[in-house]
>>> print(open('work-v6.txt').read())   # compact mmCIF, C-alpha atoms and all ligand atoms
# COMPACT_ATOMS: atom_id res chain seq x y z
CA MET A 3 -105.14 1.98 -86.29
CA ALA A 4 -105.09 1.60 -90.04
CA ARG A 5 -107.57 -1.13 -90.91
CA TYR A 6 -108.91 -0.82 -94.43
CA ILE A 7 -111.22 2.19 -94.45
CA LEU A 8 -113.98 2.59 -97.01
CA PRO A 9 -113.46 5.69 -99.18
CA THR A 10 -117.22 6.38 -98.87
CA ALA A 11 -118.63 5.51 -95.45
CA GLY A 12 -121.09 2.63 -95.51
CA SER A 13 -120.76 1.93 -99.24
CA SER A 14 -118.34 0.21 -101.56
CA ALA A 15 -118.21 3.21 -103.91
CA GLY A 16 -114.65 4.21 -104.77
CA VAL A 17 -113.13 0.95 -103.50
CA PRO A 18 -110.31 -0.22 -105.82
CA PRO A 19 -110.92 -3.30 -107.95
CA THR A 20 -111.20 -6.45 -105.83
CA PRO A 21 -109.87 -8.79 -104.67
CA PHE A 22 -106.83 -7.18 -103.07
CA TYR A 23 -104.71 -7.73 -100.01
CA TYR A 24 -104.45 -4.85 -97.59
CA TYR A 25 -101.67 -4.45 -95.03
CA ASP A 26 -101.67 -2.21 -91.99
CA LEU A 27 -98.01 -1.24 -91.67
CA ASP A 28 -98.70 0.59 -88.46
CA LEU A 29 -99.90 -2.62 -86.79
CA LEU A 30 -96.92 -4.44 -88.28
CA ARG A 31 -94.55 -1.94 -86.66
CA ARG A 32 -96.31 -2.28 -83.30
CA THR A 33 -96.10 -6.05 -83.57
CA LEU A 34 -92.41 -5.91 -84.38
CA ALA A 35 -91.73 -3.55 -81.49
CA ALA A 36 -93.51 -5.93 -79.11
CA ALA A 37 -91.66 -8.99 -80.44
CA VAL A 38 -88.27 -7.29 -80.29
CA ALA A 39 -88.89 -5.99 -76.75
CA ALA A 40 -90.06 -9.38 -75.46
CA ALA A 41 -87.16 -11.29 -77.05
CA GLY A 42 -84.66 -8.64 -76.04
CA ARG A 43 -85.49 -9.13 -72.37
CA TYR A 44 -83.62 -12.44 -72.53
CA GLY A 45 -81.13 -11.64 -75.30
CA TYR A 46 -83.05 -13.91 -77.72
CA ARG A 47 -82.71 -13.36 -81.48
CA ILE A 48 -85.56 -13.56 -83.98
CA HIS A 49 -85.22 -14.61 -87.59
CA TYR A 50 -88.34 -13.75 -89.57
CA ALA A 51 -89.65 -16.77 -91.50
CA LEU A 52 -89.94 -15.42 -95.04
CA LYS A 53 -92.29 -18.22 -96.01
CA ALA A 54 -95.14 -16.29 -94.34
CA ASN A 55 -94.98 -13.18 -96.55
CA VAL A 56 -92.35 -11.56 -98.77
CA GLU A 57 -93.94 -8.25 -99.74
CA PRO A 58 -90.96 -5.87 -100.07
CA GLN A 59 -92.63 -3.18 -97.94
CA ILE A 60 -93.20 -5.73 -95.19
CA LEU A 61 -89.67 -7.10 -95.42
CA ARG A 62 -88.33 -3.56 -95.18
CA GLU A 63 -90.13 -2.96 -91.89
CA ILE A 64 -88.97 -6.30 -90.51
CA GLN A 65 -85.38 -5.78 -91.55
CA ARG A 66 -85.39 -2.26 -90.08
CA ALA A 67 -86.71 -3.62 -86.79
CA GLY A 68 -83.50 -5.66 -86.58
CA LEU A 69 -84.75 -9.21 -87.21
CA GLY A 70 -82.68 -11.76 -89.12
CA ALA A 71 -84.19 -14.08 -91.74
CA ASP A 72 -85.26 -17.71 -91.80
CA CYS A 73 -85.38 -19.17 -95.31
CA VAL A 74 -86.53 -22.49 -96.72
CA SER A 75 -85.40 -22.16 -100.32
CA GLY A 76 -82.57 -20.61 -102.29
CA TYR A 77 -85.10 -18.15 -103.65
CA GLU A 78 -85.91 -17.00 -100.15
CA VAL A 79 -82.21 -16.68 -99.32
CA ALA A 80 -81.73 -14.48 -102.40
CA CYS A 81 -84.87 -12.48 -101.53
CA ALA A 82 -83.66 -11.89 -97.96
CA VAL A 83 -80.27 -10.66 -99.19
CA GLU A 84 -81.90 -8.41 -101.81
CA ASN A 85 -84.09 -6.90 -99.13
CA GLY A 86 -81.20 -5.95 -96.91
CA PHE A 87 -80.96 -8.83 -94.44
CA ALA A 88 -77.31 -9.40 -93.56
CA PRO A 89 -76.19 -12.88 -94.72
CA GLU A 90 -74.75 -13.57 -91.28
CA ARG A 91 -78.28 -13.26 -89.86
CA ILE A 92 -79.82 -15.74 -92.33
CA VAL A 93 -80.62 -19.36 -91.46
CA PHE A 94 -81.52 -21.84 -94.19
CA ALA A 95 -83.74 -24.79 -93.34
CA GLY A 96 -85.65 -27.20 -95.55
CA VAL A 97 -85.90 -30.93 -95.91
CA GLY A 98 -85.01 -30.88 -99.62
CA LYS A 99 -82.32 -28.31 -100.38
CA SER A 100 -81.06 -28.74 -103.94
CA ASP A 101 -77.34 -28.64 -104.77
CA ARG A 102 -77.84 -25.30 -106.50
CA GLU A 103 -79.57 -23.83 -103.48
CA ILE A 104 -76.81 -25.05 -101.18
CA GLU A 105 -74.12 -23.63 -103.47
CA GLN A 106 -75.84 -20.25 -103.50
CA ALA A 107 -76.17 -20.16 -99.73
CA VAL A 108 -72.51 -21.21 -99.31
CA GLU A 109 -71.61 -18.36 -101.66
CA ALA A 110 -73.78 -15.87 -99.76
CA GLY A 111 -72.05 -16.73 -96.47
CA ILE A 112 -75.16 -17.35 -94.35
CA PHE A 113 -75.23 -17.78 -90.57
CA ALA A 114 -76.13 -21.48 -90.59
CA PHE A 115 -77.67 -24.31 -92.56
CA ASN A 116 -80.34 -26.09 -90.57
CA CYS A 117 -79.48 -29.58 -91.74
CA GLU A 118 -82.25 -32.17 -91.88
CA SER A 119 -80.60 -35.52 -92.73
CA LEU A 120 -77.32 -37.42 -92.64
CA GLU A 121 -77.14 -37.44 -96.40
CA GLU A 122 -77.59 -33.67 -96.51
CA LEU A 123 -74.59 -33.28 -94.17
CA GLU A 124 -72.44 -35.10 -96.72
CA VAL A 125 -73.77 -32.99 -99.61
CA ILE A 126 -73.24 -29.67 -97.81
CA ASP A 127 -69.73 -30.78 -96.86
CA ALA A 128 -68.89 -31.72 -100.45
CA LEU A 129 -70.31 -28.53 -101.94
CA ALA A 130 -68.65 -26.31 -99.32
CA GLY A 131 -65.36 -28.12 -99.99
CA ARG A 132 -65.70 -27.56 -103.71
CA ALA A 133 -66.20 -23.82 -103.02
CA GLY A 134 -63.15 -23.80 -100.75
CA ARG A 135 -65.25 -22.89 -97.72
CA ARG A 136 -66.07 -24.23 -94.30
CA VAL A 137 -69.70 -23.63 -93.35
CA ASP A 138 -71.67 -23.67 -90.12
CA VAL A 139 -74.53 -26.10 -89.63
CA ALA A 140 -77.18 -26.62 -87.00
CA LEU A 141 -78.62 -30.12 -86.79
CA ARG A 142 -82.38 -30.06 -87.10
CA ILE A 143 -83.45 -32.68 -84.65
CA ASN A 144 -86.94 -34.09 -84.61
CA PRO A 145 -87.88 -33.74 -80.93
CA ASP A 146 -91.01 -35.89 -81.16
CA VAL A 147 -93.29 -33.31 -79.59
CA ARG A 148 -96.95 -33.39 -80.61
CA PRO A 149 -98.26 -29.83 -80.56
CA ASP A 150 -101.84 -28.84 -80.30
CA THR A 151 -102.47 -27.79 -83.95
CA HIS A 152 -103.67 -29.02 -87.36
CA GLU A 153 -101.90 -32.22 -88.42
CA TYR A 154 -100.76 -30.63 -91.72
CA ILE A 155 -98.81 -27.93 -89.91
CA ALA A 156 -97.34 -30.08 -87.13
CA THR A 157 -93.74 -30.90 -87.99
CA GLY A 158 -91.99 -32.29 -84.91
CA GLN A 159 -93.45 -35.76 -84.41
CA ALA A 160 -91.42 -38.91 -84.86
CA GLU A 161 -93.32 -39.91 -88.01
CA SER A 162 -92.96 -36.57 -89.82
CA LYS A 163 -90.47 -36.04 -92.65
CA PHE A 164 -88.61 -33.25 -90.87
CA GLY A 165 -85.35 -33.34 -89.02
CA ILE A 166 -82.92 -36.00 -87.87
CA SER A 167 -84.46 -38.61 -85.60
CA TYR A 168 -83.23 -39.44 -82.09
CA ALA A 169 -82.13 -42.79 -83.44
CA GLU A 170 -79.75 -41.13 -85.86
CA ILE A 171 -78.13 -38.49 -83.66
CA ASP A 172 -75.24 -40.80 -82.81
CA ARG A 173 -74.51 -41.45 -86.44
CA ALA A 174 -74.87 -37.76 -87.34
CA LEU A 175 -72.25 -36.87 -84.76
CA ALA A 176 -69.87 -39.60 -85.93
CA ARG A 177 -70.23 -38.31 -89.47
CA LEU A 178 -69.66 -34.72 -88.44
CA HIS A 179 -66.32 -35.68 -86.92
CA ARG A 180 -64.99 -36.79 -90.27
CA LEU A 181 -66.45 -34.03 -92.44
CA SER A 182 -63.94 -31.21 -92.70
CA HIS A 183 -65.93 -28.52 -94.48
CA ILE A 184 -68.75 -28.21 -92.01
CA ARG A 185 -68.72 -27.24 -88.40
CA ILE A 186 -71.58 -27.99 -86.05
CA VAL A 187 -72.58 -24.79 -84.31
CA GLY A 188 -76.17 -25.31 -83.34
CA LEU A 189 -79.23 -27.43 -82.72
CA HIS A 190 -82.46 -26.59 -84.49
CA PHE A 191 -86.05 -27.55 -83.73
CA HIS A 192 -89.46 -26.63 -85.09
CA ILE A 193 -92.51 -28.46 -83.81
CA GLY A 194 -95.23 -26.87 -85.92
CA SER A 195 -97.24 -23.76 -86.55
CA GLN A 196 -100.30 -21.95 -85.15
CA ILE A 197 -99.60 -23.23 -81.64
CA ARG A 198 -101.62 -21.27 -79.06
CA ASN A 199 -101.06 -23.57 -76.14
CA LEU A 200 -97.71 -22.52 -74.69
CA ALA A 201 -97.40 -25.87 -72.89
CA SER A 202 -96.25 -27.35 -76.23
CA PHE A 203 -93.28 -24.97 -76.18
CA ALA A 204 -92.53 -25.81 -72.56
CA GLU A 205 -92.43 -29.48 -73.60
CA LEU A 206 -90.10 -28.62 -76.48
CA ALA A 207 -87.76 -26.74 -74.12
CA GLU A 208 -87.59 -29.76 -71.79
CA ARG A 209 -86.73 -32.06 -74.70
CA VAL A 210 -84.06 -29.66 -75.91
CA ASN A 211 -82.48 -29.62 -72.45
CA GLY A 212 -82.02 -33.37 -72.68
CA ILE A 213 -80.65 -33.28 -76.22
CA ALA A 214 -78.25 -30.41 -75.50
CA ALA A 215 -76.98 -32.32 -72.45
CA TRP A 216 -76.33 -35.35 -74.66
CA PHE A 217 -74.07 -33.27 -76.90
CA ALA A 218 -72.36 -31.60 -73.93
CA GLU A 219 -71.57 -35.02 -72.42
CA ARG A 220 -69.79 -35.87 -75.65
CA GLY A 221 -67.75 -32.68 -75.56
CA VAL A 222 -69.55 -31.07 -78.49
CA GLU A 223 -69.79 -27.33 -78.07
CA ILE A 224 -73.14 -25.97 -79.20
CA ALA A 225 -72.99 -22.21 -79.81
CA HIS A 226 -76.66 -21.71 -80.55
CA LEU A 227 -80.06 -23.24 -79.92
CA ASN A 228 -82.73 -22.48 -82.52
CA MET A 229 -86.23 -23.17 -81.27
CA GLY A 230 -88.01 -22.53 -84.59
CA GLY A 231 -91.28 -20.66 -84.84
CA GLY A 232 -94.89 -21.62 -84.35
CA LEU A 233 -96.49 -19.06 -82.05
CA GLY A 234 -100.18 -18.93 -82.98
CA ILE A 235 -102.54 -15.99 -83.37
CA ASP A 236 -106.20 -15.35 -82.59
CA TYR A 237 -108.06 -16.03 -85.84
CA ASP A 238 -111.46 -15.99 -84.11
CA ASP A 239 -111.16 -12.50 -82.73
CA PRO A 240 -108.24 -10.62 -84.30
CA ASP A 241 -109.22 -7.34 -82.65
CA ALA A 242 -109.03 -8.92 -79.18
CA GLU A 243 -105.37 -9.76 -79.70
CA PRO A 244 -103.92 -7.80 -82.65
CA VAL A 245 -100.42 -8.29 -81.23
CA PRO A 246 -99.70 -11.93 -80.26
CA ASP A 247 -98.48 -12.94 -76.82
CA PHE A 248 -94.75 -12.63 -77.41
CA GLU A 249 -94.18 -11.99 -73.71
CA GLY A 250 -95.71 -15.32 -72.71
CA TYR A 251 -93.99 -17.16 -75.54
CA PHE A 252 -90.46 -16.03 -74.75
CA ARG A 253 -91.06 -16.28 -71.00
CA THR A 254 -91.96 -19.94 -71.47
CA PHE A 255 -88.55 -20.59 -72.96
CA HIS A 256 -86.81 -18.43 -70.40
CA ASP A 257 -88.47 -20.44 -67.59
CA ARG A 258 -87.83 -23.87 -69.09
CA LEU A 259 -84.85 -23.79 -71.43
CA GLN A 260 -81.38 -24.30 -69.96
CA VAL A 261 -78.97 -22.04 -71.78
CA GLY A 262 -75.24 -22.57 -71.40
CA ALA A 263 -72.71 -19.79 -70.92
CA GLY A 264 -72.06 -18.01 -74.22
CA GLN A 265 -74.89 -19.87 -75.94
CA THR A 266 -77.35 -17.79 -78.01
CA VAL A 267 -81.00 -18.67 -78.47
CA HIS A 268 -82.73 -18.10 -81.80
CA PHE A 269 -86.32 -18.19 -83.01
CA GLU A 270 -87.94 -18.32 -86.44
CA LEU A 271 -91.27 -16.53 -86.23
CA GLY A 272 -93.45 -16.05 -89.28
CA ARG A 273 -97.19 -16.01 -88.67
CA SER A 274 -97.12 -14.16 -85.36
CA ILE A 275 -95.20 -11.28 -86.97
CA VAL A 276 -97.34 -10.68 -90.06
CA ALA A 277 -100.72 -12.46 -89.87
CA GLN A 278 -102.82 -9.86 -88.09
CA CYS A 279 -101.67 -6.90 -90.16
CA GLY A 280 -103.20 -8.32 -93.33
CA GLU A 281 -106.76 -8.58 -94.64
CA LEU A 282 -108.20 -9.70 -97.94
CA LEU A 283 -110.83 -7.44 -99.45
CA THR A 284 -113.41 -9.02 -101.69
CA ARG A 285 -116.75 -8.10 -103.23
CA VAL A 286 -119.94 -10.12 -103.25
CA LEU A 287 -120.72 -11.18 -106.80
CA TYR A 288 -123.94 -13.12 -106.20
CA THR A 289 -126.12 -14.47 -103.46
CA LYS A 290 -128.07 -17.70 -103.80
CA THR A 291 -129.94 -20.30 -101.79
CA THR A 292 -129.32 -24.03 -102.19
CA ALA A 293 -132.11 -26.63 -102.48
CA GLY A 294 -131.47 -27.41 -98.82
CA GLY A 295 -132.08 -23.78 -97.89
CA ALA A 296 -128.45 -22.75 -97.23
CA ARG A 297 -127.71 -19.19 -98.22
CA PHE A 298 -124.45 -18.54 -100.05
CA ALA A 299 -122.63 -15.31 -100.76
CA ILE A 300 -120.31 -15.88 -103.71
CA VAL A 301 -117.36 -13.50 -103.57
CA ASP A 302 -114.64 -12.58 -106.05
CA ALA A 303 -111.74 -13.89 -103.91
CA GLY A 304 -111.24 -17.62 -103.64
CA MET A 305 -108.80 -20.34 -102.73
CA THR A 306 -106.49 -18.75 -105.30
CA GLU A 307 -106.03 -15.76 -102.96
CA LEU A 308 -106.38 -17.60 -99.64
CA ILE A 309 -106.03 -21.37 -99.66
CA ARG A 310 -105.92 -21.89 -95.88
CA PRO A 311 -109.65 -22.70 -95.40
CA ALA A 312 -109.63 -25.18 -98.31
CA LEU A 313 -106.34 -26.77 -97.34
CA TYR A 314 -106.53 -26.88 -93.53
CA LYS A 315 -110.18 -26.09 -92.84
CA ALA A 316 -108.72 -22.94 -91.31
CA HIS A 317 -111.07 -20.36 -89.89
CA HIS A 318 -110.70 -16.67 -90.74
CA LYS A 319 -113.05 -14.05 -89.37
CA ILE A 320 -115.10 -12.42 -92.14
CA GLU A 321 -116.82 -9.05 -91.93
CA ASN A 322 -119.26 -7.30 -94.22
CA LEU A 323 -118.01 -3.70 -94.27
CA THR A 324 -121.11 -2.39 -96.05
CA ALA A 325 -123.99 -3.96 -94.11
CA ALA A 326 -124.38 -1.59 -91.15
CA GLY A 327 -127.87 -1.70 -89.72
CA ARG A 328 -129.03 -4.77 -91.67
CA PRO A 329 -130.58 -7.75 -89.87
CA MET A 330 -128.48 -10.84 -89.15
CA GLY A 331 -128.85 -14.06 -91.10
CA VAL A 332 -126.85 -17.22 -91.68
CA TYR A 333 -124.51 -17.41 -94.67
CA SER A 334 -121.82 -19.52 -96.24
CA ILE A 335 -119.15 -17.45 -97.94
CA ALA A 336 -117.63 -19.06 -101.02
CA GLY A 337 -115.22 -18.17 -103.78
CA PRO A 338 -115.65 -18.43 -107.55
CA ILE A 339 -113.23 -21.32 -108.16
CA CYS A 340 -114.53 -24.55 -109.66
CA GLU A 341 -113.80 -26.63 -106.55
CA SER A 342 -116.23 -27.60 -103.81
CA SER A 343 -113.56 -26.86 -101.21
CA ASP A 344 -113.48 -23.20 -102.29
CA VAL A 345 -115.52 -22.09 -99.30
CA PHE A 346 -114.22 -19.61 -96.72
CA ALA A 347 -116.89 -20.20 -94.08
CA ARG A 348 -120.00 -22.34 -93.70
CA ASP A 349 -123.27 -21.33 -92.04
CA ILE A 350 -121.93 -18.44 -90.02
CA PRO A 351 -124.04 -15.71 -88.45
CA PHE A 352 -123.64 -12.87 -90.93
CA PRO A 353 -125.58 -9.70 -91.76
CA GLU A 354 -127.94 -9.75 -94.71
CA THR A 355 -125.62 -9.61 -97.68
CA ARG A 356 -126.16 -8.28 -101.20
CA ARG A 357 -124.38 -8.18 -104.53
CA GLY A 358 -121.72 -5.46 -104.48
CA ASP A 359 -121.07 -5.61 -100.72
CA LEU A 360 -117.46 -5.39 -99.63
CA LEU A 361 -116.19 -8.11 -97.30
CA SER A 362 -112.96 -8.28 -95.34
CA ILE A 363 -111.37 -11.65 -94.61
CA ARG A 364 -109.19 -11.04 -91.59
CA SER A 365 -105.76 -12.26 -90.41
CA THR A 366 -104.46 -13.00 -93.89
CA GLY A 367 -101.02 -11.39 -93.60
CA ALA A 368 -99.32 -14.77 -93.16
CA TYR A 369 -99.61 -17.64 -95.66
CA GLY A 370 -102.15 -15.70 -97.77
CA ARG A 371 -100.62 -13.95 -100.76
CA ILE A 372 -97.53 -16.17 -100.60
CA MET A 373 -99.63 -19.32 -101.16
CA ALA A 374 -101.71 -17.73 -103.95
CA SER A 375 -102.00 -19.52 -107.26
CA ASN A 376 -103.06 -18.88 -110.83
CA TYR A 377 -105.60 -21.69 -110.82
CA ASN A 378 -108.46 -21.05 -113.25
CA MET A 379 -105.97 -18.65 -114.92
CA ARG A 380 -106.63 -16.00 -112.34
CA PRO A 381 -104.00 -13.27 -111.95
CA ILE A 382 -102.33 -12.73 -108.57
CA ALA A 383 -104.29 -10.10 -106.65
CA PRO A 384 -102.49 -6.81 -105.89
CA SER A 385 -101.39 -5.63 -102.46
CA ARG A 386 -102.20 -2.25 -100.93
CA PHE A 387 -100.74 -0.67 -97.84
CA GLY A 388 -101.93 1.68 -95.14
CA GLY A 389 -100.33 3.14 -92.04
CA GLY A 390 -97.02 3.50 -93.83
CA PRO A 391 -94.33 6.02 -92.97
CA ASP A 392 -95.45 8.19 -95.91
CA GLU A 393 -99.00 8.67 -94.63
N1 LIG A 401 -89.26 -22.49 -89.07
C1 LIG A 401 -89.53 -23.60 -89.80
C2 LIG A 401 -88.49 -24.61 -89.96
C3 LIG A 401 -90.81 -23.78 -90.35
O1 LIG A 401 -91.07 -24.88 -91.04
C4 LIG A 401 -91.81 -22.79 -90.16
C5 LIG A 401 -93.12 -22.93 -90.74
C6 LIG A 401 -91.46 -21.62 -89.42
C7 LIG A 401 -90.19 -21.53 -88.88
C8 LIG A 401 -92.43 -20.50 -89.18
O2 LIG A 401 -93.51 -20.91 -88.42
P1 LIG A 401 -94.60 -19.87 -87.90
O3 LIG A 401 -93.94 -18.97 -86.87
O4 LIG A 401 -95.09 -19.09 -89.06
O5 LIG A 401 -95.65 -20.73 -87.31
N2 LIG A 401 -99.02 -22.68 -94.54
C9 LIG A 401 -99.36 -23.01 -93.17
C10 LIG A 401 -98.19 -22.84 -92.23
C11 LIG A 401 -97.01 -23.68 -92.59
C12 LIG A 401 -95.83 -23.43 -91.71
C13 LIG A 401 -94.65 -24.16 -92.20
N3 LIG A 401 -93.46 -23.94 -91.43
C14 LIG A 401 -100.56 -22.19 -92.76
O6 LIG A 401 -101.09 -21.44 -93.57
O7 LIG A 401 -101.03 -22.29 -91.62
>>> encode(input="work-v6.txt", output="structure tokens", more="lines below")
Ligand code: LLP
Amino acid sequence: MARYILPTAGSSAGVPPTPFYYYDLDLLRRTLAAAVAAAGRYGYRIHYALKANVEPQILREIQRAGLGADCVSGYEVACAVENGFAPERIVFAGVGKSDREIEQAVEAGIFAFNCESLEELEVIDALAGRAGRRVDVALRINPDVRPDTHEYIATGQAESKFGISYAEIDRALARLHRLSHIRIVGLHFHIGSQIRNLASFAELAERVNGIAAWFAERGVEIAHLNMGGGLGIDYDDPDAEPVPDFEGYFRTFHDRLQVGAGQTVHFELGRSIVAQCGELLTRVLYTKTTAGGARFAIVDAGMTELIRPALYKAHHKIENLTAAGRPMGVYSIAGPICESSDVFARDIPFPETRRGDLLSIRSTGAYGRIMASNYNMRPIAPSRFGGGPDE
């Protein structure tokens, strides 16, 4: 195990300047090995969703483990290529791909565009034609599945902006028949993120069976099914489940999804690969008590380093690494940003906390650093690594 270890036991002496992100590369490797083994059982292929984290050291481990890449911008496509992902293992999704981004991906020769609208089909066709290429597309279809997660990170319901609706599939197919620079090779779905209840994925698989049959009845050969990402992690107790339940996740699809002969099945996992290997280290700057009697610990990391609590009311486990033996109290943990939403946790049982204490905010490897901002003119916090091959 390579959690962040204090240089001086029990004290924050010698700890590098805070805040900083810390990544346990050993846990990342174990996670990757588990994911690859579980997917490999059924011949499934994983594309890592770069949107979760693009630290080069992390990408290197993921690429070495044999995963492909899932990108949602031209910048991510370029980043994946730079970090050694083979273009023919890169998928490119996104509801608003710009012409420039499409041109770059056509040039790079990626595996498939996950296409999200009828208009986008026309644009990809025109730009591929201009480049003298024929490119492969998967239709991202909105399966109208309502997963058990926060509404901001649910993406597969009829009213969401993502994908092509059931009502338009007919028209999409008619259009594909007359576009000569794109070839339909796949169907793509993504119902949302941080989904712990595997029944949502079973429901997705059932919907996909119906949709794939619709295409088969019309003589359209679908070479691959891409089921997106979304597997959730245990934010409440990261040590209880440091490696997510990849076995259960892939088994759900194996049990429910009908796969045709020669068809490949792809996944786009982000959070479940990288979330648990990251933590955010922060120092307590001040403690104070409000007029109402609530005790606050004000720390030097804020929504600029981790926006998930402010944006989604997300819960991350927080630990005081320097409070061994102190009595328990009740604290709210807040950042220094001039926003009332800059609070990581409210009224949680927490050991008596003092200025200078070092806290760890857990499970921040996914959608932490990558969503950081310079608000209040704060610089982006550095990343540190442990458990690497050089240790
Ligand atoms: N594929 C597509 C098309 C996606 O939109 C996403 C995530 C993924 C794959 C990867 O999903 P994952 O396996 O990581 O659940 N910022 C939010 C999460 C937004 C996810 C957006 N799409 C958060 O901090 O919870």
>>> atom_distance(input="work-v6.txt", atom1="atom O2 of ligand LIG 401 (chain A)", atom2="atom CA of Met373 of chain A")
14.2 Å
>>> residues_near_ligand(input="work-v6.txt", ligand="ligand LIG 401 (chain A)", cutoff="8 Å", atoms="all atoms listed in the file", output="count of residues only")
37
>>> residues_near_point(input="work-v6.txt", point="(-76.8, -29.0, -107.2)", cutoff="12 Å", atoms="only C-alpha atoms", output="PyMOL selection string")
chain A and resi 76+98-108+122+125-126+128-130+132
>>> atom_distance(input="work-v6.txt", atom1="atom CA of Ile171 of chain A", atom2="atom CA of Ser202 of chain A")
22.5 Å
>>> axis_aligned_box(input="work-v6.txt", around="segment 108-124 of chain A", padding_each_side="6 Å", output="JSON")
{"center_x": -76.9, "center_y": -26.7, "center_z": -96.1, "size_x": 22.6, "size_y": 33.6, "size_z": 23.1}
>>> residues_around(input="work-v6.txt", residues="segment 358-362 of chain A", least_positions_apart="4", cutoff="8 Å", atoms="all atoms listed in the file", output="PDB file with C-alpha atoms, in the frame of the given file")
ATOM      1  CA  SER A  13    -120.760   1.930 -99.240  1.00  0.00           C
ATOM      2  CA  SER A  14    -118.340   0.210-101.560  1.00  0.00           C
ATOM      3  CA  GLU A 281    -106.760  -8.580 -94.640  1.00  0.00           C
ATOM      4  CA  LEU A 282    -108.200  -9.700 -97.940  1.00  0.00           C
ATOM      5  CA  LEU A 283    -110.830  -7.440 -99.450  1.00  0.00           C
ATOM      6  CA  THR A 284    -113.410  -9.020-101.690  1.00  0.00           C
ATOM      7  CA  ARG A 285    -116.750  -8.100-103.230  1.00  0.00           C
ATOM      8  CA  VAL A 286    -119.940 -10.120-103.250  1.00  0.00           C
ATOM      9  CA  LEU A 287    -120.720 -11.180-106.800  1.00  0.00           C
ATOM     10  CA  ILE A 320    -115.100 -12.420 -92.140  1.00  0.00           C
ATOM     11  CA  GLU A 321    -116.820  -9.050 -91.930  1.00  0.00           C
ATOM     12  CA  ASN A 322    -119.260  -7.300 -94.220  1.00  0.00           C
ATOM     13  CA  LEU A 323    -118.010  -3.700 -94.270  1.00  0.00           C
ATOM     14  CA  THR A 324    -121.110  -2.390 -96.050  1.00  0.00           C
ATOM     15  CA  ALA A 325    -123.990  -3.960 -94.110  1.00  0.00           C
TER      16      ALA A 325
END
>>> closest_atom_pairs(input="work-v6.txt", of="segment 265-319 of chain A", to="segment 225-229 of chain A", cutoff="6 Å", atoms="all atoms listed in the file", output="tab-separated table")
residue	atom	partner	partner_atom	distance
A:Gln265	CA	A:Ala225	CA	4.9
A:Thr266	CA	A:His226	CA	4.7
A:Val267	CA	A:Leu227	CA	4.9
A:His268	CA	A:Asn228	CA	4.4
A:Phe269	CA	A:Met229	CA	5.3
>>> closest_residue(input="work-v6.txt", among="A:Leu308, A:Leu259, A:Ala242, A:Ala82", to="Asn211 of chain A", atoms="only C-alpha atoms")
A:Leu259
>>> atom_distance(input="work-v6.txt", atom1="atom CA of Thr33 of chain A", atom2="atom CA of Val93 of chain A")
21.9 Å
